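Enquirer: I'm passing along upload_15.cif; it holds mmCIF, C-alpha atoms.
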data_coords
loop_
_atom_site.label_atom_id
_atom_site.label_comp_id
_atom_site.auth_asym_id
_atom_site.auth_seq_id
_atom_site.Cartn_x
_atom_site.Cartn_y
_atom_site.Cartn_z
CA MET A 1 183.82 107.14 136.68
CA THR A 2 187.09 109.05 136.46
CA PRO A 3 187.76 111.58 139.21
CA HIS A 4 188.66 115.11 138.17
CA ALA A 5 190.24 117.85 140.21
CA ASP A 6 188.22 120.76 141.55
CA PRO A 7 190.20 122.06 144.55
CA GLY A 8 188.01 125.13 144.95
CA ALA A 9 184.88 123.04 145.45
CA GLY A 10 186.76 120.79 147.85
CA ALA A 11 187.88 123.77 149.93
CA ALA A 12 184.28 125.00 150.13
CA VAL A 13 183.02 121.59 151.27
CA LYS A 14 185.71 121.37 153.92
CA ALA A 15 185.04 124.91 155.15
CA ALA A 16 181.31 124.21 155.53
CA ASP A 17 182.11 120.98 157.36
CA ARG A 18 184.44 122.71 159.78
CA ALA A 19 181.91 125.46 160.41
CA HIS A 20 178.87 123.32 161.15
CA VAL A 21 179.44 119.53 161.42
CA PHE A 22 180.15 117.97 164.80
CA HIS A 23 181.94 114.68 164.14
CA SER A 24 181.51 111.47 166.11
CA TRP A 25 184.31 109.91 168.19
CA SER A 26 186.55 112.93 167.58
CA ALA A 27 188.23 115.88 169.27
CA GLN A 28 186.77 118.48 166.93
CA GLY A 29 189.82 120.72 166.81
CA LEU A 30 192.23 117.89 166.00
CA ILE A 31 190.61 116.39 162.91
CA ASP A 32 190.90 117.22 159.23
CA PRO A 33 188.18 115.28 157.39
CA LEU A 34 188.81 114.39 153.76
CA ALA A 35 186.34 116.10 151.42
CA VAL A 36 184.98 113.34 149.17
CA ALA A 37 183.75 114.18 145.69
CA GLY A 38 182.43 110.80 144.58
CA ALA A 39 182.61 107.03 144.75
CA GLU A 40 182.02 103.98 142.59
CA GLY A 41 182.59 100.29 143.19
CA SER A 42 185.64 99.73 145.37
CA TYR A 43 186.94 103.31 145.08
CA PHE A 44 186.21 106.85 146.22
CA TRP A 45 188.00 110.09 145.41
CA ASP A 46 188.59 113.61 146.66
CA TYR A 47 188.35 117.03 144.97
CA ASP A 48 192.07 117.06 144.22
CA GLY A 49 191.67 114.06 141.93
CA ASN A 50 193.17 111.53 144.34
CA ARG A 51 191.51 108.12 144.15
CA TYR A 52 191.47 105.66 147.07
CA LEU A 53 190.92 101.91 147.08
CA ASP A 54 188.43 101.46 149.92
CA PHE A 55 189.90 98.71 152.11
CA SER A 56 187.56 99.88 154.91
CA SER A 57 184.19 99.60 153.13
CA GLN A 58 183.67 102.93 154.93
CA LEU A 59 182.57 101.54 158.32
CA VAL A 60 182.59 97.95 157.06
CA ASN A 61 179.14 98.43 155.57
CA THR A 62 179.38 99.10 151.81
CA ASN A 63 179.30 95.38 151.14
CA ILE A 64 178.19 95.73 147.50
CA GLY A 65 180.55 98.63 146.87
CA HIS A 66 179.68 102.24 146.17
CA GLN A 67 176.80 103.35 143.93
CA HIS A 68 175.52 100.00 142.69
CA PRO A 69 173.17 101.11 139.90
CA LYS A 70 170.39 98.61 140.64
CA VAL A 71 170.16 99.65 144.29
CA VAL A 72 170.31 103.35 143.41
CA ALA A 73 167.49 102.80 140.89
CA ALA A 74 165.39 100.90 143.46
CA ILE A 75 165.67 103.77 145.94
CA GLN A 76 164.73 106.26 143.23
CA GLU A 77 161.73 104.18 142.14
CA GLN A 78 160.50 103.79 145.70
CA ALA A 79 160.80 107.54 146.26
CA THR A 80 158.49 108.22 143.31
CA ARG A 81 155.92 105.71 144.63
CA LEU A 82 155.88 106.01 148.44
CA CYS A 83 158.57 107.84 150.39
CA THR A 84 157.41 107.11 153.90
CA LEU A 85 154.67 105.52 155.96
CA ALA A 86 154.33 104.89 159.69
CA PRO A 87 155.45 101.49 161.02
CA GLY A 88 151.90 100.43 161.93
CA PHE A 89 150.84 99.96 158.32
CA ALA A 90 151.45 96.94 156.10
CA VAL A 91 153.68 98.03 153.23
CA ASP A 92 154.67 95.77 150.35
CA VAL A 93 158.36 96.66 150.32
CA ARG A 94 158.60 96.33 154.11
CA SER A 95 157.06 92.86 154.05
CA GLU A 96 159.30 91.83 151.18
CA ALA A 97 162.45 93.01 152.94
CA ALA A 98 161.43 91.07 156.05
CA ARG A 99 160.72 87.95 154.00
CA LEU A 100 164.06 88.06 152.21
CA ILE A 101 165.96 88.56 155.47
CA ALA A 102 164.02 85.79 157.25
CA GLU A 103 164.76 83.40 154.37
CA ARG A 104 168.48 83.84 155.02
CA THR A 105 168.64 83.85 158.80
CA PRO A 106 169.40 80.53 160.51
CA GLY A 107 166.75 78.30 162.08
CA ASP A 108 163.34 79.71 162.97
CA LEU A 109 164.30 83.40 163.11
CA ASP A 110 161.35 84.29 160.91
CA LYS A 111 159.99 87.50 162.44
CA ILE A 112 161.83 90.76 161.76
CA PHE A 113 161.72 93.89 163.91
CA PHE A 114 163.15 96.82 161.97
CA ALA A 115 165.35 99.54 163.45
CA ASN A 116 167.47 102.28 161.91
CA GLY A 117 170.88 100.75 162.64
CA GLY A 118 172.90 98.30 164.66
CA ALA A 119 172.82 100.04 168.04
CA GLU A 120 169.03 100.30 167.97
CA ALA A 121 168.84 96.66 166.94
CA VAL A 122 170.92 95.68 169.97
CA GLU A 123 168.83 97.88 172.27
CA ASN A 124 165.65 96.14 171.16
CA ALA A 125 167.13 92.64 171.25
CA VAL A 126 168.18 93.17 174.86
CA ARG A 127 164.76 94.59 175.73
CA MET A 128 163.07 91.56 174.17
CA ALA A 129 165.31 89.17 176.08
CA ARG A 130 164.65 90.90 179.40
CA LEU A 131 160.90 90.94 178.88
CA HIS A 132 160.83 87.35 177.64
CA THR A 133 162.78 86.02 180.63
CA GLY A 134 161.75 88.48 183.33
CA ARG A 135 165.44 88.79 184.20
CA THR A 136 167.77 91.76 184.07
CA LYS A 137 171.44 90.91 183.62
CA VAL A 138 173.09 90.65 180.22
CA LEU A 139 176.55 89.14 179.70
CA SER A 140 178.88 90.37 176.97
CA THR A 141 182.56 90.03 176.25
CA TYR A 142 185.51 92.31 176.60
CA ARG A 143 186.91 93.07 173.14
CA SER A 144 183.47 93.77 171.67
CA TYR A 145 181.45 96.61 170.21
CA HIS A 146 177.66 96.70 170.17
CA GLY A 147 176.81 100.35 169.49
CA ALA A 148 176.83 103.80 171.06
CA THR A 149 173.30 104.08 172.52
CA ALA A 150 172.62 103.64 176.25
CA ALA A 151 172.41 99.85 176.67
CA ALA A 152 174.57 99.06 173.65
CA ILE A 153 177.51 101.13 174.87
CA ASN A 154 177.33 99.47 178.29
CA LEU A 155 177.46 96.09 176.55
CA THR A 156 180.50 97.19 174.55
CA GLY A 157 183.79 95.78 175.81
CA ASP A 158 186.32 98.34 174.60
CA PRO A 159 187.35 101.88 175.69
CA ARG A 160 184.51 103.54 173.80
CA ARG A 161 182.35 102.40 176.72
CA TRP A 162 184.34 104.12 179.45
CA PRO A 163 183.04 107.74 179.23
CA SER A 164 179.41 106.57 179.16
CA ASP A 165 179.55 103.57 181.49
CA THR A 166 176.94 104.04 184.21
CA ALA A 167 177.75 100.66 185.80
CA SER A 168 174.02 100.33 186.39
CA ALA A 169 172.69 98.78 183.23
CA GLY A 170 172.80 95.19 184.47
CA VAL A 171 175.76 94.32 182.23
CA VAL A 172 178.50 91.84 183.18
CA HIS A 173 181.58 91.43 181.00
CA PHE A 174 183.55 88.22 180.55
CA TRP A 175 186.51 87.08 178.43
CA GLY A 176 185.84 85.50 175.07
CA PRO A 177 188.29 83.25 173.23
CA PHE A 178 191.34 84.83 171.55
CA LEU A 179 194.23 82.38 171.30
CA TYR A 180 196.86 84.90 170.12
CA ARG A 181 196.45 86.85 173.37
CA SER A 182 194.91 84.09 175.46
CA THR A 183 193.54 85.09 178.84
CA PHE A 184 193.49 81.40 179.71
CA HIS A 185 197.15 80.52 179.00
CA ALA A 186 195.97 78.19 176.26
CA GLU A 187 198.33 76.76 173.67
CA THR A 188 195.81 75.28 171.22
CA GLU A 189 192.42 76.28 169.86
CA GLN A 190 190.86 73.34 171.67
CA GLN A 191 192.31 74.48 174.99
CA GLU A 192 191.21 78.05 174.32
CA CYS A 193 187.68 76.88 173.56
CA GLU A 194 187.41 74.63 176.61
CA ARG A 195 188.87 77.19 179.02
CA ALA A 196 186.82 80.08 177.64
CA LEU A 197 183.64 78.03 178.03
CA GLN A 198 184.61 77.07 181.58
CA HIS A 199 185.24 80.73 182.37
CA LEU A 200 181.80 81.63 181.01
CA GLU A 201 180.17 78.80 182.95
CA ASP A 202 181.87 80.02 186.14
CA THR A 203 180.74 83.59 185.45
CA ILE A 204 177.15 82.42 185.02
CA ALA A 205 177.34 80.47 188.28
CA PHE A 206 178.75 83.38 190.28
CA GLU A 207 176.36 85.93 188.79
CA GLY A 208 173.36 83.65 189.39
CA PRO A 209 171.88 82.05 186.27
CA GLN A 210 168.37 82.88 187.44
CA SER A 211 169.24 86.60 187.10
CA ILE A 212 170.70 86.46 183.57
CA ALA A 213 168.41 87.40 180.69
CA ALA A 214 170.85 87.09 177.80
CA ILE A 215 174.35 86.50 176.56
CA ILE A 216 175.24 88.65 173.56
CA LEU A 217 178.20 87.92 171.31
CA GLU A 218 179.42 89.27 168.02
CA THR A 219 179.55 86.07 165.98
CA VAL A 220 182.93 87.29 164.73
CA PRO A 221 184.00 90.39 166.68
CA GLY A 222 184.53 93.28 164.27
CA THR A 223 186.33 96.44 165.36
CA ALA A 224 187.63 94.54 168.40
CA GLY A 225 189.89 92.49 166.16
CA ILE A 226 188.11 90.01 163.83
CA MET A 227 188.76 87.08 166.15
CA THR A 228 187.06 84.03 164.65
CA PRO A 229 185.75 81.77 167.43
CA PRO A 230 187.41 78.36 167.79
CA PRO A 231 185.43 75.29 166.70
CA GLY A 232 182.87 74.35 169.31
CA TYR A 233 182.78 77.66 171.16
CA LEU A 234 179.49 79.05 169.85
CA ALA A 235 177.86 75.64 170.21
CA GLY A 236 179.10 75.55 173.79
CA VAL A 237 177.59 78.97 174.52
CA ARG A 238 174.34 77.78 172.95
CA GLU A 239 174.32 74.78 175.31
CA LEU A 240 174.96 76.94 178.38
CA CYS A 241 172.10 79.24 177.39
CA ASP A 242 169.75 76.29 176.88
CA ARG A 243 170.75 74.78 180.23
CA HIS A 244 169.97 77.96 182.16
CA GLY A 245 167.07 79.44 180.18
CA ILE A 246 169.24 82.33 178.95
CA VAL A 247 168.49 84.06 175.64
CA PHE A 248 171.37 83.76 173.17
CA ILE A 249 171.83 86.90 171.04
CA LEU A 250 174.24 86.97 168.11
CA ASP A 251 175.28 90.41 166.90
CA GLU A 252 175.78 90.15 163.13
CA VAL A 253 175.68 93.89 162.47
CA MET A 254 179.16 93.81 160.92
CA ALA A 255 179.64 90.12 160.15
CA GLY A 256 176.33 89.61 158.35
CA PHE A 257 175.27 89.88 154.72
CA GLY A 258 178.25 88.35 152.99
CA ARG A 259 181.14 89.78 154.98
CA THR A 260 182.40 86.34 156.11
CA GLY A 261 181.62 84.64 152.80
CA THR A 262 178.19 83.46 154.02
CA TRP A 263 174.91 85.32 154.44
CA PHE A 264 175.40 85.19 158.20
CA ALA A 265 178.52 84.16 160.09
CA ALA A 266 176.41 81.88 162.32
CA ASP A 267 176.07 79.57 159.32
CA LEU A 268 179.79 78.80 159.51
CA TRP A 269 179.39 77.22 162.95
CA ASP A 270 175.87 75.80 162.44
CA VAL A 271 174.49 77.69 165.44
CA THR A 272 171.07 79.30 165.73
CA PRO A 273 170.64 82.07 168.31
CA ASP A 274 167.32 83.15 169.82
CA LEU A 275 167.79 86.68 168.50
CA LEU A 276 170.06 87.97 165.74
CA THR A 277 170.85 91.63 165.17
CA PHE A 278 171.74 93.00 161.74
CA ALA A 279 172.36 96.34 159.97
CA LYS A 280 175.18 97.72 157.79
CA GLY A 281 175.38 95.28 154.85
CA VAL A 282 171.61 94.73 154.63
CA THR A 283 171.44 97.92 152.53
CA SER A 284 175.18 98.30 151.96
CA GLY A 285 174.77 101.49 153.97
CA TYR A 286 172.88 103.24 151.15
CA VAL A 287 169.94 104.00 153.47
CA PRO A 288 170.11 103.38 157.24
CA LEU A 289 168.43 100.12 158.28
CA GLY A 290 168.92 97.56 161.02
CA GLY A 291 166.83 95.03 162.84
CA VAL A 292 166.33 91.98 164.98
CA ALA A 293 165.50 88.53 163.64
CA ILE A 294 163.35 86.84 166.28
CA SER A 295 162.74 83.17 167.12
CA GLN A 296 159.21 81.79 167.23
CA GLU A 297 159.36 81.32 171.00
CA ILE A 298 160.32 84.91 171.74
CA ALA A 299 157.94 86.31 169.14
CA ALA A 300 155.12 84.36 170.83
CA THR A 301 155.79 86.21 174.09
CA PHE A 302 154.31 89.27 172.44
CA ASP A 303 151.30 87.65 170.75
CA GLN A 304 148.87 88.88 173.41
CA ARG A 305 151.19 91.29 175.18
CA PRO A 306 152.27 94.52 173.50
CA TYR A 307 155.95 94.87 172.75
CA PRO A 308 156.92 98.17 174.43
CA GLY A 309 159.25 99.50 171.78
CA GLY A 310 159.11 101.23 168.44
CA LEU A 311 160.70 103.81 166.18
CA THR A 312 159.18 106.44 163.90
CA TYR A 313 161.22 105.16 160.99
CA SER A 314 161.03 101.41 161.69
CA GLY A 315 160.92 99.67 158.33
CA HIS A 316 161.20 102.94 156.40
CA PRO A 317 160.09 102.29 152.80
CA LEU A 318 163.21 103.80 151.22
CA ALA A 319 165.44 101.71 153.48
CA CYS A 320 163.42 98.56 152.81
CA ALA A 321 163.59 99.18 149.06
CA ALA A 322 167.36 99.43 149.41
CA ALA A 323 167.41 96.17 151.38
CA VAL A 324 165.29 94.31 148.81
CA ALA A 325 167.52 95.52 145.99
CA THR A 326 170.75 94.84 147.90
CA ILE A 327 169.76 91.27 148.76
CA GLY A 328 168.62 90.80 145.16
CA VAL A 329 171.90 91.88 143.59
CA MET A 330 173.89 89.89 146.15
CA ALA A 331 172.01 86.76 145.11
CA GLU A 332 171.97 87.48 141.36
CA GLU A 333 175.64 88.43 141.11
CA GLY A 334 177.06 85.81 143.48
CA ILE A 335 178.47 88.47 145.78
CA VAL A 336 178.50 86.27 148.88
CA GLU A 337 180.33 83.58 146.95
CA ASN A 338 182.77 86.18 145.62
CA ALA A 339 183.61 87.26 149.16
CA ALA A 340 184.33 83.66 150.14
CA ARG A 341 186.48 83.03 147.08
CA ILE A 342 188.48 86.25 147.27
CA GLY A 343 189.15 85.63 150.95
CA ALA A 344 190.27 82.04 150.48
CA ASP A 345 192.22 82.46 147.24
CA VAL A 346 193.60 86.00 147.30
CA ILE A 347 193.36 87.96 150.56
CA GLY A 348 194.18 85.17 153.03
CA PRO A 349 197.21 83.80 151.14
CA GLY A 350 198.36 87.32 150.27
CA LEU A 351 198.25 88.52 153.87
CA ARG A 352 200.15 85.47 155.09
CA GLU A 353 202.89 86.18 152.54
CA ILE A 354 203.00 89.79 153.70
CA ALA A 355 203.29 88.65 157.33
CA ASP A 356 206.34 86.57 156.44
CA ARG A 357 208.04 89.66 155.01
CA HIS A 358 207.27 92.15 157.78
CA PRO A 359 208.51 92.02 161.38
CA SER A 360 205.59 94.26 162.41
CA VAL A 361 202.92 91.68 161.52
CA GLY A 362 202.34 89.39 164.48
CA GLU A 363 199.26 87.55 163.30
CA VAL A 364 196.91 87.29 160.31
CA ARG A 365 193.34 86.18 160.98
CA GLY A 366 190.00 86.30 159.23
CA LEU A 367 187.78 84.88 156.52
CA GLY A 368 185.78 86.14 153.56
CA VAL A 369 186.51 89.85 153.22
CA PHE A 370 186.89 90.22 156.99
CA TRP A 371 190.58 90.17 158.01
CA ALA A 372 192.89 91.71 160.60
CA LEU A 373 196.63 92.15 160.88
CA GLU A 374 197.87 92.33 164.48
CA LEU A 375 200.80 94.77 164.40
CA VAL A 376 203.53 94.26 166.99
CA ARG A 377 206.87 95.69 168.08
CA ASN A 378 208.29 92.20 168.49
CA LYS A 379 206.98 88.94 167.03
CA GLU A 380 208.44 86.87 169.85
CA THR A 381 207.02 88.86 172.77
CA ARG A 382 203.88 89.91 170.85
CA GLU A 383 204.13 93.39 172.34
CA PRO A 384 201.56 95.53 170.48
CA LEU A 385 202.95 98.14 168.11
CA VAL A 386 201.21 100.78 170.26
CA PRO A 387 199.83 100.50 173.81
CA TYR A 388 196.18 99.62 174.43
CA ASN A 389 193.95 102.62 173.65
CA ALA A 390 197.00 104.72 172.72
CA ALA A 391 196.50 108.35 171.73
CA GLY A 392 198.68 111.25 170.69
CA ALA A 393 202.42 110.58 170.49
CA ALA A 394 201.97 107.05 171.85
CA ASN A 395 199.90 106.20 168.78
CA ALA A 396 202.38 107.70 166.29
CA PRO A 397 203.49 104.36 164.77
CA MET A 398 199.92 103.51 163.74
CA GLY A 399 199.41 107.07 162.54
CA GLU A 400 202.49 106.81 160.33
CA PHE A 401 201.30 103.51 158.92
CA ALA A 402 197.83 104.90 158.14
CA ALA A 403 199.34 107.97 156.50
CA ALA A 404 201.54 105.77 154.32
CA CYS A 405 198.48 103.82 153.18
CA LYS A 406 196.54 106.96 152.26
CA LYS A 407 199.50 108.54 150.47
CA SER A 408 199.68 105.48 148.21
CA GLY A 409 195.94 105.50 147.44
CA LEU A 410 194.78 102.86 149.92
CA TRP A 411 192.16 103.79 152.53
CA PRO A 412 192.75 101.57 155.58
CA PHE A 413 190.61 100.60 158.56
CA VAL A 414 192.85 101.09 161.61
CA ASN A 415 191.94 100.36 165.22
CA MET A 416 194.43 100.35 168.10
CA ASN A 417 197.39 98.18 167.00
CA ARG A 418 195.56 96.56 164.10
CA THR A 419 194.75 97.22 160.50
CA HIS A 420 191.69 95.47 159.16
CA VAL A 421 191.37 94.36 155.56
CA VAL A 422 187.65 94.75 154.93
CA PRO A 423 187.01 95.75 151.31
CA PRO A 424 183.59 95.46 149.65
CA CYS A 425 182.33 91.92 149.07
CA THR A 426 182.32 92.82 145.36
CA ILE A 427 186.05 93.45 145.18
CA THR A 428 187.73 91.86 142.17
CA GLU A 429 190.86 89.74 142.26
CA ALA A 430 192.82 92.52 140.54
CA GLU A 431 191.61 95.14 143.02
CA ALA A 432 192.41 92.90 145.98
CA LYS A 433 195.92 92.29 144.68
CA GLU A 434 196.39 96.03 144.10
CA GLY A 435 195.36 96.69 147.69
CA LEU A 436 197.67 94.02 149.06
CA THR A 437 200.60 95.52 147.15
CA LEU A 438 199.89 98.96 148.59
CA LEU A 439 199.48 97.49 152.08
CA ASP A 440 202.77 95.61 151.73
CA GLU A 441 204.55 98.87 150.93
CA ALA A 442 202.89 100.85 153.73
CA LEU A 443 203.86 98.30 156.38
CA THR A 444 207.47 99.43 156.10
CA ALA A 445 206.35 102.41 158.18
CA ALA A 446 205.28 100.04 160.94
CA ASP A 447 208.45 97.95 160.57
CA ALA A 448 210.50 101.00 161.49
CA HIS A 449 209.13 100.73 165.05
CA THR A 450 209.93 97.07 165.63
CA VAL A 451 212.71 95.76 167.84
#
Using C-alpha cells, write down the structure that the file contains.
Expert:
Amino acid sequence: MTPHADPGAGAAVKAADRAHVFHSWSAQGLIDPLAVAGAEGSYFWDYDGNRYLDFSSQLVNTNIGHQHPKVVAAIQEQATRLCTLAPGFAVDVRSEAARLIAERTPGDLDKIFFANGGAEAVENAVRMARLHTGRTKVLSTYRSYHGATAAAINLTGDPRRWPSDTASAGVVHFWGPFLYRSTFHAETEQQECERALQHLEDTIAFEGPQSIAAIILETVPGTAGIMTPPPGYLAGVRELCDRHGIVFILDEVMAGFGRTGTWFAADLWDVTPDLLTFAKGVTSGYVPLGGVAISQEIAATFDQRPYPGGLTYSGHPLACAAAVATIGVMAEEGIVENAARIGADVIGPGLREIADRHPSVGEVRGLGVFWALELVRNKETREPLVPYNAAGAANAPMGEFAAACKKSGLWPFVNMNRTHVVPPCTITEAEAKEGLTLLDEALTAADAHTV
C-alpha cells in the first residue's frame, strides 16, 4: 500500500490525541506523538506521506509485521461467529490457541492460563509460584523489565520501578550475567557465568532458600539490553531452583514467538522452566493476549484447590483467533526460520561491520531479529554515550541519534544508551539491508559525541 499525504486529517488526529489521550511513560506536555495513517508489512506511514521502516516492531511485538491478511481475516471471521464469551466456558478457538501454544513450549508446560498481556501473565505466574510453594519471596535481576502492574513493576530491575516501588512486595534483586559491563570483574563468558551463578547462590543462602518461592528471569532480557545469557547460566539457575525447591519462571513476553529465531528462547539453551510467561508475538499485537504456560506439577496443585485468580477477558475469542492465525502463518511461511536466517546472515554481520566504522558503537549483541548496539563515548573506557537513566539535556546525544533515524525514514527502538534492532520476524533481506544503511548513516550523530 502506498502512503498518500493528507495533512489536514493528520492535524485533526493529532489535535484529538492532545485533547483527550493520556500517554504512558510520558510527561504529557513534552511529547509530540506521530499521527499514523496506516501500516503494512515492515512499514508504517504518517499523514504527510512519510514512510518509516519499523526497526522497533512497535513495542517489539509485531512479529509477523503489520496487517497480515490471514490474521486480519481470522479476526474478522471470529467476530462474525462469536465475539466474546466468559472464561468459564469451553470455546473451540480458546482450546485451539492453548493447544498450539502448548505444542511449542518446552518440556511439560502443557496447561495454558490466558491473560491480556505480559504484565498480567507475570502477576499470575508469581501468584502460582507463591501458592504452590507456600513461600513469599521472588528473586529477579537488575537490568530487567517484567511489566507495569503491582508485582511486575516491583520485579522490574530498571528505573521504571522506582516511582512505584513499595519495597514490600517480597522482591529481592540480584545481578545477572552481562560480560560487557561485568559486575563480577570477569574477562570471559565462562568466568561471567560461574561468578554470576555463585552470586545467585550466595543471594539465595543469605535470603533463606526456605523463604523463596520463585526466581524469574527474562530468557533474553529485552528493553534492558538484549543480553544473551552465557552458555550454562540458565542450566545453572535451573539446578539451583531444583536444589532448593524454588519455582523457575522464564519471562518470554518479548523473546518468544520467533524473536530469537526459535519459537521460544529457552529452546536455545535446552532449559525447561516450571512456568513460562508469554504475550506480544503470540498475536503479533493485533489483539491483546498473554498467558502462562504451566508445568504438570504446578497445575496439579490446583486440581482440587481453586486457583484464586482470573480476568474477565481471559482467553478472549477474538484474541485467541488472532493467536491461532498468527501461529499458523508463522509455521506455514517459515517466519521463525526467516528470523534466524536474517539474524545470522544479514543483521548480525551488518551490525558488526557498522561497529567497526563507528566510534560510538561499543558492542553488538543479539540473535534472530533481537539485537542491541551499546553506544559509548569512548570504546576503550566503555563510558555510555549518555548517563544511566539520562533525561533532558543529558540525553541529547541519544535524542539526536533517534531524530536522525526518523528523518531518514527509519523508526528506531531507543532505550538509555542503546539502540535495539528489532524489526518484524518477516523482514526481508532487502528491507534489513535498507535499515542497516539508514542506521549506519544516523550513527554519525552519535559519533559527534565521542571522545
Enquirer: Quick one: distance from atom CA of A:Ala79 to atom CA of A:Leu318 in Å, one decimal?
Expert: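 Interatomic distance here is 6.7 Å.
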Enquirer: Take the PyMOL selection byres ((chain A and resi 395) around 12), run it mentally on this structure, and tell me the resulting residues as a PyMOL selection string.
Expert: chain A and resi 384-394+396-402+414-418+446+449
Enquirer: I'd like the neighbourhood of stretch 233-236 of chain A as a list of chain:residue names, where a residue qualifies if any of its atoms comes within 7 Å (using only C-alpha atoms), though same-chain residues fewer than 6 positions away should be ignored.
Expert: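 That gives A:Cys193, A:Leu197, A:Val271.
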Enquirer: Tell me which residues the PyMOL selection byres ((chain A and resi 428) around 10) grabs here, as a ChimeraX atom specification.
Expert: /A:41-42,338-339,342,346,423-427,429-434
Enquirer: Kindly give the distance, in Å, that separates atom CA of A:Arg382 and atom CA of A:Cys405, rounded to a single decimal.
Expert: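 Computed distance, atom CA of A:Arg382 to atom CA of A:Cys405, equals 23.1 Å.
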Enquirer: Could you tell me which residues the PyMOL selection byres ((chain A and resi 213-221) around 6) returns for this structure, as a PyMOL selection string?
Expert: chain A and resi 129-130+133+135-140+212+222+224+226-228+246-251
Enquirer: Ranking A:Ser182, A:Ser284, A:Ala148, A:Glu201 by minimum distance to A:Val324 and counting only C-alpha atoms, which one comes first?
Expert: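 The shortest atom-to-atom distance to A:Val324 comes from A:Ser284.
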Enquirer: Can you rebuild stretch 276-287 of chain A with N, CA, C and O atoms and give it as an mmCIF file, in the frame of the given file?
Expert:
data_model
loop_
_atom_site.group_PDB
_atom_site.id
_atom_site.type_symbol
_atom_site.label_atom_id
_atom_site.label_comp_id
_atom_site.auth_asym_id
_atom_site.auth_seq_id
_atom_site.Cartn_x
_atom_site.Cartn_y
_atom_site.Cartn_z
ATOM 1 N N LEU A 276 168.907 87.615 166.573
ATOM 2 C CA LEU A 276 170.060 87.970 165.740
ATOM 3 C C LEU A 276 169.903 89.411 165.297
ATOM 4 O O LEU A 276 168.868 89.781 164.730
ATOM 5 N N THR A 277 170.900 90.237 165.587
ATOM 6 C CA THR A 277 170.850 91.630 165.170
ATOM 7 C C THR A 277 171.614 91.821 163.864
ATOM 8 O O THR A 277 172.625 91.174 163.617
ATOM 9 N N PHE A 278 171.105 92.733 163.029
ATOM 10 C CA PHE A 278 171.740 93.000 161.740
ATOM 11 C C PHE A 278 171.595 94.488 161.416
ATOM 12 O O PHE A 278 170.775 95.200 161.991
ATOM 13 N N ALA A 279 172.418 94.958 160.476
ATOM 14 C CA ALA A 279 172.360 96.340 159.970
ATOM 15 C C ALA A 279 173.352 96.421 158.809
ATOM 16 O O ALA A 279 173.470 95.483 158.027
ATOM 17 N N LYS A 280 174.080 97.504 158.734
ATOM 18 C CA LYS A 280 175.180 97.720 157.790
ATOM 19 C C LYS A 280 174.936 97.115 156.408
ATOM 20 O O LYS A 280 174.335 97.712 155.543
ATOM 21 N N GLY A 281 175.413 95.870 156.187
ATOM 22 C CA GLY A 281 175.380 95.280 154.850
ATOM 23 C C GLY A 281 173.998 95.006 154.301
ATOM 24 O O GLY A 281 173.863 94.761 153.100
ATOM 25 N N VAL A 282 172.956 95.038 155.118
ATOM 26 C CA VAL A 282 171.610 94.730 154.630
ATOM 27 C C VAL A 282 171.177 95.712 153.537
ATOM 28 O O VAL A 282 170.412 95.358 152.639
ATOM 29 N N THR A 283 171.674 96.946 153.604
ATOM 30 C CA THR A 283 171.440 97.920 152.530
ATOM 31 C C THR A 283 172.744 98.421 151.941
ATOM 32 O O THR A 283 172.747 99.378 151.172
ATOM 33 N N SER A 284 173.848 97.823 152.324
ATOM 34 C CA SER A 284 175.180 98.300 151.960
ATOM 35 C C SER A 284 175.398 99.736 152.429
ATOM 36 O O SER A 284 176.226 100.452 151.872
ATOM 37 N N GLY A 285 174.623 100.145 153.435
ATOM 38 C CA GLY A 285 174.770 101.490 153.970
ATOM 39 C C GLY A 285 174.121 102.569 153.124
ATOM 40 O O GLY A 285 174.192 103.756 153.476
ATOM 41 N N TYR A 286 173.437 102.216 152.043
ATOM 42 C CA TYR A 286 172.880 103.240 151.150
ATOM 43 C C TYR A 286 171.772 104.036 151.826
ATOM 44 O O TYR A 286 171.644 105.239 151.606
ATOM 45 N N VAL A 287 170.951 103.360 152.618
ATOM 46 C CA VAL A 287 169.940 104.000 153.470
ATOM 47 C C VAL A 287 170.016 103.297 154.821
ATOM 48 O O VAL A 287 170.121 102.067 154.864
#
